[in-house]
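Here is upload_3.cif, consisting of mmCIF, C-alpha atoms:
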data_coords
loop_
_atom_site.label_atom_id
_atom_site.label_comp_id
_atom_site.auth_asym_id
_atom_site.auth_seq_id
_atom_site.Cartn_x
_atom_site.Cartn_y
_atom_site.Cartn_z
CA MET A 1 -7.04 5.14 -13.27
CA THR A 2 -5.99 8.36 -11.64
CA LYS A 3 -4.82 6.61 -8.49
CA LYS A 4 -1.91 5.25 -10.53
CA THR A 5 -0.64 8.77 -11.11
CA ILE A 6 -0.60 10.01 -7.52
CA VAL A 7 3.02 9.75 -6.53
CA THR A 8 2.31 10.13 -2.82
CA ALA A 9 -0.02 7.13 -2.66
CA CYS A 10 1.19 4.35 -0.37
CA LEU A 11 1.34 0.75 -1.55
CA LEU A 12 -0.18 -1.95 0.62
CA LEU A 13 1.99 -4.47 2.44
CA VAL A 14 1.05 -8.14 2.61
CA ALA A 15 -0.53 -9.11 5.92
CA ALA A 16 -3.14 -11.54 7.12
CA VAL A 17 -5.43 -9.05 8.79
CA ARG A 18 -5.31 -5.56 7.28
CA LEU A 19 -8.31 -3.34 6.89
CA GLY A 20 -7.33 -2.37 3.36
CA ALA A 21 -6.43 -5.85 2.10
CA GLN A 22 -9.84 -7.46 1.80
CA SER A 23 -9.26 -8.96 -1.67
CA TYR A 24 -9.97 -12.59 -0.81
CA ARG A 25 -10.92 -14.80 -3.74
CA THR A 26 -12.33 -18.27 -3.40
CA PHE A 27 -10.26 -21.20 -4.63
CA ARG A 28 -12.45 -21.60 -7.69
CA GLU A 29 -12.20 -17.90 -8.58
CA GLU A 30 -8.41 -17.96 -8.31
CA TYR A 31 -8.14 -21.20 -10.29
CA ASP A 32 -10.31 -19.89 -13.12
CA GLY A 33 -8.48 -16.54 -13.10
CA ILE A 34 -5.10 -18.26 -13.52
CA ARG A 35 -6.34 -20.34 -16.45
CA GLU A 36 -7.73 -17.22 -18.13
CA GLN A 37 -4.89 -14.76 -17.51
CA ALA A 38 -1.68 -16.83 -17.34
CA ARG A 39 -1.71 -18.15 -20.91
CA LEU A 40 2.03 -18.35 -21.48
CA ARG A 41 3.13 -21.96 -20.91
CA PHE A 42 6.52 -23.44 -20.04
CA GLY A 43 6.08 -27.14 -19.42
CA PRO A 44 3.61 -27.51 -16.53
CA LEU A 45 4.05 -23.86 -15.51
CA ARG A 46 1.67 -21.08 -16.43
CA LEU A 47 3.52 -17.75 -16.62
CA GLN A 48 2.24 -14.20 -16.33
CA PRO A 49 4.88 -11.50 -16.94
CA VAL A 50 4.19 -7.88 -16.02
CA PHE A 51 6.33 -4.78 -16.53
CA ARG A 52 5.74 -1.61 -14.51
CA LEU A 53 7.08 1.86 -15.19
CA SER A 54 6.28 4.60 -12.72
CA GLU A 55 7.49 8.05 -11.73
CA ALA A 56 9.65 8.35 -14.86
CA GLY A 57 10.29 12.05 -15.16
CA TYR A 58 11.45 15.20 -13.40
CA ASP A 59 11.22 15.64 -9.60
CA SER A 60 11.65 19.20 -8.34
CA ASN A 61 12.48 18.21 -4.73
CA VAL A 62 13.90 14.69 -4.45
CA TYR A 63 14.78 15.00 -0.74
CA PHE A 64 11.46 16.62 0.27
CA ARG A 65 13.41 19.49 1.81
CA PRO A 66 11.25 22.08 3.54
CA ASP A 67 10.77 25.64 2.32
CA GLY A 68 13.73 27.68 3.50
CA GLY A 69 15.42 24.58 4.91
CA GLY A 70 18.43 24.39 2.60
CA GLU A 71 19.19 23.74 -1.03
CA ILE A 72 16.33 22.20 -2.97
CA VAL A 73 17.65 19.39 -5.21
CA SER A 74 15.88 18.36 -8.42
CA ASP A 75 16.64 15.38 -10.63
CA ALA A 76 15.35 13.03 -13.30
CA THR A 77 14.14 9.72 -11.92
CA ALA A 78 12.35 6.50 -12.86
CA THR A 79 11.21 3.26 -11.26
CA LEU A 80 11.34 0.11 -13.43
CA SER A 81 9.78 -3.05 -12.09
CA PRO A 82 9.47 -6.29 -14.12
CA GLU A 83 7.51 -9.09 -12.46
CA LEU A 84 7.08 -12.75 -13.29
CA ARG A 85 4.30 -14.85 -11.76
CA ALA A 86 4.43 -18.62 -12.17
CA TYR A 87 1.61 -21.06 -11.39
CA TRP A 88 1.49 -24.84 -11.27
CA LEU A 89 -1.97 -26.35 -11.21
CA PHE A 90 -2.31 -29.90 -9.86
CA GLY A 91 -5.67 -31.13 -11.08
CA ARG A 92 -8.40 -28.85 -9.80
CA SER A 93 -7.43 -28.94 -6.13
CA VAL A 94 -3.87 -27.58 -5.69
CA ILE A 95 -2.27 -24.32 -6.79
CA LEU A 96 1.44 -23.58 -6.40
CA THR A 97 2.44 -19.94 -6.88
CA ALA A 98 5.84 -18.24 -7.18
CA THR A 99 6.52 -14.58 -7.92
CA GLU A 100 9.72 -12.62 -8.41
CA ASN A 101 9.61 -8.84 -8.68
CA PRO A 102 12.93 -6.93 -9.01
CA GLU A 103 12.74 -3.15 -8.90
CA VAL A 104 15.27 -0.53 -10.03
CA LEU A 105 15.13 3.03 -8.73
CA PHE A 106 17.13 5.35 -10.99
CA TYR A 107 18.32 8.94 -10.49
CA ALA A 108 20.35 10.77 -13.15
CA ARG A 109 22.56 12.88 -10.84
CA GLU A 110 21.83 11.84 -7.25
CA LYS A 111 23.65 8.52 -7.47
CA GLY A 112 23.36 7.92 -3.74
CA LEU A 113 19.60 7.53 -4.17
CA ARG A 114 19.86 4.81 -6.81
CA ALA A 115 18.68 1.48 -5.46
CA PHE A 116 17.82 -2.08 -6.37
CA SER A 117 15.33 -4.24 -4.52
CA ASN A 118 13.78 -7.64 -5.12
CA SER A 119 10.57 -9.19 -3.83
CA LEU A 120 9.89 -12.92 -3.64
CA PHE A 121 6.65 -14.75 -2.93
CA GLY A 122 5.87 -18.44 -2.72
CA GLY A 123 2.48 -19.89 -1.93
CA LEU A 124 0.51 -23.13 -1.74
CA ARG A 125 -3.26 -23.40 -1.88
CA ALA A 126 -5.27 -26.61 -1.65
CA LEU A 127 -8.97 -27.40 -1.85
CA LEU A 128 -9.84 -29.99 0.80
CA LEU A 129 -13.07 -31.98 1.08
CA ARG A 130 -14.50 -29.87 -1.77
CA ASP A 131 -15.38 -26.91 0.49
CA PHE A 132 -12.29 -26.05 2.56
CA SER A 133 -9.51 -23.86 1.18
CA LEU A 134 -6.17 -24.06 2.98
CA SER A 135 -3.41 -21.67 1.92
CA ALA A 136 0.03 -20.69 3.16
CA ASP A 137 2.75 -18.41 1.86
CA TYR A 138 6.23 -17.12 2.56
CA HIS A 139 7.28 -13.71 1.30
CA VAL A 140 10.19 -11.30 1.23
CA LEU A 141 8.83 -7.99 -0.06
CA SER A 142 11.32 -5.17 -0.56
CA HIS A 143 10.71 -1.67 -1.96
CA VAL A 144 12.41 1.72 -1.88
CA ARG A 145 9.60 4.25 -1.56
CA ARG A 146 7.64 6.51 0.74
CA SER A 147 5.81 3.64 2.39
CA THR A 148 3.99 5.90 4.86
CA SER A 149 2.56 9.39 4.55
CA GLU A 150 5.05 10.72 7.10
CA LEU A 151 8.30 9.71 5.38
CA ASP A 152 10.02 12.69 3.80
CA ARG A 153 12.27 10.58 1.54
CA ARG A 154 12.37 7.18 -0.11
CA VAL A 155 13.33 4.54 2.44
CA ARG A 156 13.83 0.82 1.87
CA ASP A 157 11.17 -1.26 3.64
CA THR A 158 11.45 -5.05 3.71
CA VAL A 159 8.69 -7.31 4.97
CA THR A 160 9.74 -10.91 5.63
CA GLY A 161 7.24 -13.43 6.92
CA GLY A 162 4.49 -15.90 6.27
CA SER A 163 0.76 -16.30 6.56
CA ALA A 164 -1.82 -19.07 6.65
CA LYS A 165 -5.56 -19.13 5.97
CA LEU A 166 -8.28 -21.72 6.34
CA PHE A 167 -11.64 -20.91 4.78
CA PHE A 168 -14.95 -22.68 4.28
CA GLU A 169 -16.33 -21.81 0.84
CA THR A 170 -19.79 -22.40 -0.55
CA ALA A 171 -20.70 -23.07 -4.16
CA ARG A 172 -22.21 -19.58 -4.56
CA GLY A 173 -19.03 -17.85 -3.40
CA THR A 174 -19.60 -17.14 0.28
CA ALA A 175 -16.46 -17.71 2.39
CA PHE A 176 -15.71 -17.74 6.12
CA GLY A 177 -12.34 -18.41 7.67
CA VAL A 178 -9.47 -17.75 10.03
CA THR A 179 -6.10 -16.15 9.25
CA ALA A 180 -2.72 -15.84 10.94
CA ALA A 181 0.53 -14.10 9.99
CA VAL A 182 3.96 -13.15 11.27
CA ASP A 183 5.91 -10.34 9.56
CA ASP A 184 9.32 -8.87 10.34
CA ILE A 185 9.42 -5.30 9.04
CA ARG A 186 12.77 -3.57 8.49
CA TYR A 187 13.70 -0.07 7.27
CA LYS A 188 16.89 1.40 5.77
CA ASP A 189 17.73 4.89 4.55
CA VAL A 190 19.45 4.15 1.22
CA ALA A 191 20.93 7.65 1.03
CA SER A 192 22.67 7.49 4.43
CA ASP A 193 25.94 5.83 5.42
CA ALA A 194 25.42 6.45 9.15
CA PRO A 195 26.28 3.42 11.31
CA GLU A 196 22.90 3.62 13.04
CA ASP A 197 19.80 4.16 10.94
CA VAL A 198 17.18 6.40 12.53
CA TYR A 199 14.36 4.71 10.63
CA ALA A 200 15.51 1.22 11.63
CA ARG A 201 15.90 2.16 15.28
CA ALA A 202 12.44 3.72 15.46
CA LEU A 203 10.39 1.44 13.19
CA ASP A 204 11.91 -2.08 12.89
CA ARG A 205 9.43 -4.49 14.44
CA ARG A 206 7.66 -7.84 14.32
CA GLU A 207 3.91 -7.90 13.74
CA THR A 208 2.01 -11.03 14.76
CA SER A 209 -1.64 -11.09 13.75
CA ALA A 210 -4.68 -13.34 13.75
CA GLY A 211 -8.25 -12.82 12.69
CA VAL A 212 -11.53 -14.01 11.20
CA GLU A 213 -13.09 -12.92 7.92
CA LEU A 214 -16.51 -13.36 6.31
CA TYR A 215 -17.40 -12.72 2.68
CA TYR A 216 -21.12 -13.18 2.06
CA ARG A 217 -21.95 -13.30 -1.64
CA VAL A 218 -24.77 -11.03 -2.77
CA PHE A 219 -25.93 -10.43 -6.33
CA SER A 220 -23.64 -12.18 -8.80
CA ARG A 221 -20.07 -11.24 -7.81
CA SER A 222 -20.34 -8.78 -4.91
CA ASN A 223 -19.79 -9.47 -1.22
CA LEU A 224 -20.77 -8.20 2.17
CA VAL A 225 -17.54 -8.17 4.22
CA ALA A 226 -17.00 -8.53 7.97
CA THR A 227 -13.60 -8.88 9.66
CA ALA A 228 -12.13 -8.93 13.15
CA GLY A 229 -8.43 -9.06 13.97
CA TRP A 230 -5.75 -8.83 16.64
CA THR A 231 -2.16 -7.63 16.12
CA ARG A 232 0.89 -7.60 18.40
CA TYR A 233 3.70 -5.09 17.69
CA ALA A 234 7.13 -5.97 19.13
CA PHE A 235 9.99 -3.58 18.25
CA ALA A 236 13.45 -4.89 17.47
CA ALA A 237 15.62 -2.19 19.10
CA ALA A 238 15.88 -2.23 22.88
CA ALA A 239 15.71 1.58 22.85
CA SER A 240 12.30 1.35 21.14
CA ALA A 241 10.75 -1.28 23.41
CA TRP A 242 8.51 1.43 24.84
CA ARG A 243 6.71 1.38 21.48
CA ASN A 244 5.44 -2.21 21.95
CA ALA A 245 1.67 -2.42 21.69
CA GLU A 246 -1.40 -4.46 20.76
CA SER A 247 -4.44 -3.60 18.70
CA VAL A 248 -7.89 -5.04 18.06
CA GLU A 249 -10.06 -4.03 15.15
CA VAL A 250 -13.44 -4.92 13.66
CA ALA A 251 -14.73 -3.77 10.30
CA GLY A 252 -17.53 -4.30 7.85
CA GLY A 253 -18.59 -3.16 4.44
CA PHE A 254 -19.24 -4.07 0.83
CA ARG A 255 -16.95 -5.32 -1.93
CA PHE A 256 -17.83 -4.84 -5.56
CA PRO A 257 -16.67 -7.33 -8.23
CA LEU A 258 -12.92 -7.52 -8.77
CA ALA A 259 -13.47 -6.55 -12.42
CA GLY A 260 -16.13 -4.65 -14.29
CA ARG A 261 -17.62 -1.17 -14.56
CA ALA A 262 -18.00 -0.92 -10.78
CA ARG A 263 -15.28 -2.31 -8.56
CA GLY A 264 -13.59 -1.66 -5.26
CA THR A 265 -14.33 -1.93 -1.57
CA VAL A 266 -16.22 0.19 0.96
CA LEU A 267 -14.94 -0.74 4.42
CA PHE A 268 -15.28 1.05 7.75
CA GLY A 269 -14.46 -0.15 11.23
CA TRP A 270 -13.31 0.54 14.76
CA LYS A 271 -9.84 0.04 16.20
CA SER A 272 -8.44 -0.06 19.71
CA PHE A 273 -4.65 0.46 19.90
CA ARG A 274 -3.15 -0.08 23.36
CA PRO A 275 0.53 0.67 24.13
CA ASP A 276 2.32 -1.49 26.68
CA ALA A 277 3.65 1.66 28.37
CA PRO A 278 0.77 3.01 30.49
CA GLU A 279 1.94 6.62 30.13
CA ARG A 280 1.56 6.58 26.33
CA GLU A 281 -1.60 7.80 24.63
CA PRO A 282 -3.86 4.99 23.31
CA PHE A 283 -5.89 5.25 20.14
CA SER A 284 -9.52 4.26 19.78
CA GLY A 285 -11.75 5.25 16.92
CA LEU A 286 -12.83 5.06 13.30
CA ILE A 287 -10.69 3.36 10.68
CA ALA A 288 -11.45 3.04 6.99
CA ALA A 289 -10.10 1.58 3.76
CA THR A 290 -12.39 2.57 0.92
CA GLU A 291 -11.80 2.88 -2.80
CA VAL A 292 -14.52 2.65 -5.43
CA TYR A 293 -14.19 2.89 -9.21
CA LEU A 294 -17.26 3.51 -11.39
CA ARG A 295 -17.32 3.74 -15.19
CA LEU A 296 -20.27 5.60 -16.75
CA GLY A 297 -19.93 5.84 -20.51
CA ARG A 298 -17.08 8.25 -21.29
CA LEU A 299 -16.61 9.13 -17.62
CA ALA A 300 -14.91 7.15 -14.87
CA VAL A 301 -14.86 8.23 -11.22
CA THR A 302 -12.64 7.03 -8.39
CA LEU A 303 -13.37 7.87 -4.75
CA GLY A 304 -11.27 6.77 -1.80
CA TYR A 305 -10.92 7.30 1.93
CA ASP A 306 -8.38 5.79 4.36
CA ARG A 307 -8.02 6.30 8.10
CA ASP A 308 -5.76 4.47 10.57
CA ASN A 309 -2.97 5.11 13.03
CA ALA A 310 0.67 4.58 12.01
CA PHE A 311 3.97 4.55 13.90
CA SER A 312 6.08 7.69 13.65
CA TYR A 313 9.79 7.59 12.87
CA ASN A 314 10.22 10.73 14.99
CA GLU A 315 11.69 9.39 18.21
CA SER A 316 9.99 12.05 20.33
CA ALA A 317 6.62 11.01 18.90
CA TYR A 318 4.83 7.66 19.03
CA TYR A 319 2.19 7.45 16.33
CA TYR A 320 -0.05 9.66 14.25
CA VAL A 321 -3.57 9.34 12.88
CA ASP A 322 -3.41 9.24 9.09
CA ASP A 323 -6.54 10.60 7.38
CA ARG A 324 -6.57 10.59 3.54
CA ALA A 325 -9.38 11.30 1.06
CA ARG A 326 -9.01 11.29 -2.72
CA ALA A 327 -11.10 11.74 -5.83
CA GLY A 328 -10.26 11.11 -9.46
CA LEU A 329 -12.02 11.75 -12.74
CA SER A 330 -11.19 10.25 -16.16
CA LEU A 331 -12.67 11.54 -19.39
CA TYR A 332 -12.44 9.16 -22.37
CA LEU A 333 -12.12 11.43 -25.40
CA ALA A 334 -11.58 8.58 -27.87
CA PRO A 335 -11.12 4.79 -27.75
CA PHE A 336 -7.36 5.39 -27.52
CA LEU A 337 -7.22 8.55 -25.37
CA ARG A 338 -8.38 9.68 -21.95
CA ILE A 339 -7.58 12.57 -19.59
CA ASP A 340 -6.98 11.79 -15.90
CA GLY A 341 -7.32 14.29 -13.10
CA GLY A 342 -7.16 13.71 -9.38
CA ILE A 343 -6.81 15.30 -5.98
CA GLN A 344 -5.74 13.82 -2.68
CA TYR A 345 -5.98 15.60 0.66
CA GLY A 346 -4.90 14.21 3.97
CA THR A 347 -3.92 15.11 7.52
CA MET A 348 -1.51 13.56 9.98
CA THR A 349 -2.47 14.30 13.58
CA TYR A 350 -0.09 13.52 16.45
CA PRO A 351 -1.98 13.02 19.76
CA GLU A 352 1.08 13.41 22.01
CA PRO A 353 3.38 16.45 22.40
CA GLN A 354 6.64 16.09 20.51
CA THR A 355 9.95 17.91 20.22
CA VAL A 356 11.24 18.98 16.80
CA TRP A 357 14.54 20.64 15.95
CA PHE A 358 14.38 24.02 14.23
CA ASP A 359 17.20 26.55 13.69
CA GLY A 360 19.52 24.45 15.84
CA GLY A 361 17.27 24.20 18.88
CA PRO A 362 14.39 22.07 20.24
CA VAL A 363 10.79 23.24 19.85
CA LEU A 364 7.95 21.59 21.77
CA VAL A 365 4.77 21.15 19.70
CA GLU A 366 1.75 20.27 21.82
CA ARG A 367 -0.43 18.84 19.07
CA ARG A 368 1.26 18.63 15.70
CA GLU A 369 -0.90 18.45 12.59
CA ASP A 370 0.37 18.20 9.02
CA ALA A 371 -1.85 18.69 5.98
CA GLN A 372 -0.87 17.17 2.61
CA ARG A 373 -2.34 17.92 -0.78
CA ASN A 374 -1.55 16.38 -4.16
CA ILE A 375 -3.12 17.42 -7.46
CA SER A 376 -2.48 15.50 -10.68
CA LEU A 377 -3.48 15.95 -14.32
CA GLY A 378 -2.45 14.33 -17.59
CA PRO A 379 -3.39 12.26 -20.67
CA VAL A 380 -3.24 8.47 -21.07
CA VAL A 381 -2.85 6.84 -24.50
CA ARG A 382 -3.87 3.24 -25.10
CA ILE A 383 -0.99 1.08 -26.35
CA ALA A 384 -2.76 -2.27 -26.63
CA GLY A 385 -5.72 -3.87 -24.92
CA THR A 386 -5.99 -2.39 -21.42
CA VAL A 387 -2.37 -1.16 -21.40
CA GLY A 388 -1.83 2.58 -21.54
CA LEU A 389 1.06 5.05 -21.41
CA GLY A 390 0.31 8.09 -19.30
CA LEU A 391 1.81 11.51 -18.76
CA THR A 392 1.19 13.30 -15.49
CA TYR A 393 1.95 16.57 -13.76
CA ASN A 394 1.70 16.49 -9.96
CA ILE A 395 1.71 19.36 -7.47
CA TYR A 396 2.44 18.29 -3.90
CA LYS A 397 2.28 20.56 -0.85
CA ARG A 398 2.63 19.85 2.87
CA THR A 399 1.92 22.41 5.59
CA SER A 400 2.45 21.89 9.31
CA ASN A 401 2.00 23.76 12.58
CA ALA A 402 5.44 22.38 13.53
CA PRO A 403 8.26 24.60 12.22
CA GLY A 404 10.43 23.23 9.44
CA PHE A 405 7.97 20.80 7.89
CA ASP A 406 6.38 22.84 5.08
CA VAL A 407 7.28 21.14 1.77
CA ARG A 408 6.54 21.84 -1.90
CA ARG A 409 7.25 19.39 -4.69
CA ASN A 410 6.31 19.18 -8.37
CA PHE A 411 6.67 16.13 -10.56
CA ALA A 412 6.26 15.73 -14.32
CA GLY A 413 6.66 12.33 -15.89
CA ALA A 414 5.29 9.15 -17.42
CA PHE A 415 3.90 5.83 -16.22
CA LEU A 416 2.41 2.59 -17.51
CA THR A 417 -1.07 1.51 -16.51
CA TYR A 418 -2.90 -1.77 -17.06
CA GLU A 419 -6.30 -0.23 -16.37
CA PHE A 420 -7.26 1.63 -19.53
#

Starting from the coordinates I provided, produce the structure as C-alpha cells.
Amino acid sequence: MTKKTIVTACLLLVAAVRLGAQSYRTFREEYDGIREQARLRFGPLRLQPVFRLSEAGYDSNVYFRPDGGGEIVSDATATLSPELRAYWLFGRSVILTATENPEVLFYAREKGLRAFSNSLFGGLRALLLRDFSLSADYHVLSHVRRSTSELDRRVRDTVTGGSAKLFFETARGTAFGVTAAVDDIRYKDVASDAPEDVYARALDRRETSAGVELYYRVFSRSNLVATAGWTRYAFAAAASAWRNAESVEVAGGFRFPLAGRARGTVLFGWKSFRPDAPEREPFSGLIAATEVYLRLGRLAVTLGYDRDNAFSYNESAYYYVDDRARAGLSLYLAPFLRIDGGIQYGTMTYPEPQTVWFDGGPVLVERREDAQRNISLGPVVRIAGTVGLGLTYNIYKRTSNAPGFDVRRNFAGAFLTYEF
C-alpha cells in the first residue's frame, strides 16, 4: 500500500505497552499462521525468508539541510534488508522463534553515510492449561533511519531488551493479560566522528513498562481493544537526568482482521506524562495510533492518524507533541498494475521555550511549531503472488517558525512490497 512508499514514515519499535503496537494474536492464531506461511523446512525448523528493498533511488537532500543553510548534497541510495524467521513447533503447545535481520544502507558518493546494522530476536511461547499463553522474548533491534519525525538525518537506533506476557485466551479468540518489558535505547550518528554524540547524550535511556490488555472478539476475526500501561523513562547520561519521567496511558478502540479486504486498527486514548523535574512542562491529552486499509473493487484506501509526545534531541528542548495524519489511494488498473498516491501531513509542537542557533547566535523561540508534508505518487507492478515492485516520487517539505529549520527534499526511487 501507499504507506510503504512514504519515506518519512517511522517504523515501530518493539515494546510491551505501546499504543501503536496492538497486534496481539492468540496462541492458536500464531500457531496456525506459522504452519500456513513458513512452508520451507530444514529438519524440525520451519523457515520464512523475506527480502526488503526500500528507498532505492535518488535523494535530493541526504542531510536534510535547510533552505539557505549551506550546500545541498544529493546522492543515490538504497536500503537492502534480508530477513530469516525460524520456528520450532513442539506439539501444539510450544513455539520457539528466532529472527535475524541484517540491513545495509548504501550511498554512492557519501561513503560516510554507509552503514550496516543487524537485528536479532528470540522468543518462547507456551500454551499452559489449555487457556493460558505465556510468552517471553529477548531482542536486539538495530536500524539506521529517521526513527522520529524530528530527526533531520539517519541515526542508528538500537533497542536491547526483553518482554514477557501472560494472557488468558478463550476458544472464540478473546484474550486478556498482563505485559512487562525493559528496553535500553541507544542512538549514534553514523556520519559523525565526534567523541561525544549529541543524539546519545540527549536520548539514550532505559524504558521500563508494564500494562494490561484486553482483546474482545466480535464478529469472526475482529476485536474490541482496551489497554492501560505505565512507563518509566531513565536517561543514561548524567547531564540528561533532568529528562527522567513517568507516563500513564489508557486507550481503547477496534481492530479489524489481520488480513482481508478491511484491516488495521482504530485506537484512541489519553496519556499523562510527568517529568521528575517539577519545573518542566507535563503533557496530558489525546493520543492515537490509527491505520485502516479498505479494498473496494479496483480501489483501495488507507487512512491513518498518530498522536503522542516524543523526546527531543535538542538539548534546550524537552519533548514535542507529534501529530501526523495520512491518506493513501490505490487504483488497480489491471491484475498486474496499480497506481499508488498518498499524502502525509504532520506538526511537531514544542510546549516549552527553546533556544536555537541561527547565523552564529542564539535565538529564543517561545513556542516552536514545525509542519511537515510528504506527497508520493507512483506505479506498482506485480511480480508474483502478493509481491510487487514499485516506483515512487516523493516531495517532502518542512516549515518552522524557528529560523533555520525549513527543509525541502525530493526522492525518486523503487521499493518492494508484499501487499499487492

With all atoms listed in the file as the atoms that count, which of A:Tyr305, A:Pro403, A:Glu291, A:Asp75 lies nearest to Phe358 in chain A?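 Answer, going by the shortest atom-to-atom distance: A:Pro403.
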
Separation of CA of Arg39 in chain A from CA of Phe27 in chain A, in Å and rounded to one decimal: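 Going from CA of Arg39 in chain A over to CA of Phe27 in chain A covers 18.6 Å.
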
Evaluate the PyMOL selection byres ((chain A and resi 171) around 12) here and jot the selected residues down as a count of residues only. 16

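One distance worth recording is that between CA of Tyr187 in chain A and CA of Val155 in chain A, which is 6.7 Å.
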
Just to confirm, what's the straight-line distance from CA of Pro282 in chain A to CA of Ala239 in chain A in Å (one decimal)? 19.9 Å

Near Ala234 in chain A, within 6 Å and counting all atoms listed in the file, which residues show up once chain neighbours fewer than 2 positions away are dropped, as a ChimeraX atom specification? /A:205-206,244

Answer as a list in words, residues within 7 Å of (-12.7, -6.5, -4.3) using only C-alpha atoms: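 Using only C-alpha atoms, the matching residues come out as Gln22, Ser23, Arg255, Phe256, Pro257, Leu258, Arg263, Gly264 and Thr265 of chain A.
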
Go ahead and write the residues just picked, C-alpha atoms, as an mmCIF file, in the frame of the given file.
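Final file, selection-v8.cif:
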data_model
loop_
_atom_site.group_PDB
_atom_site.id
_atom_site.type_symbol
_atom_site.label_atom_id
_atom_site.label_comp_id
_atom_site.auth_asym_id
_atom_site.auth_seq_id
_atom_site.Cartn_x
_atom_site.Cartn_y
_atom_site.Cartn_z
ATOM 1 C CA GLN A 22 -9.840 -7.460 1.800
ATOM 2 C CA SER A 23 -9.260 -8.960 -1.670
ATOM 3 C CA ARG A 255 -16.950 -5.320 -1.930
ATOM 4 C CA PHE A 256 -17.830 -4.840 -5.560
ATOM 5 C CA PRO A 257 -16.670 -7.330 -8.230
ATOM 6 C CA LEU A 258 -12.920 -7.520 -8.770
ATOM 7 C CA ARG A 263 -15.280 -2.310 -8.560
ATOM 8 C CA GLY A 264 -13.590 -1.660 -5.260
ATOM 9 C CA THR A 265 -14.330 -1.930 -1.570
#

Using all atoms listed in the file, which residues sit within 7 Å of range 407-409 of chain A once same-chain residues fewer than 4 positions away are excluded, as an MDAnalysis selection string? chainID A and resid 60:61 64:67 395:399
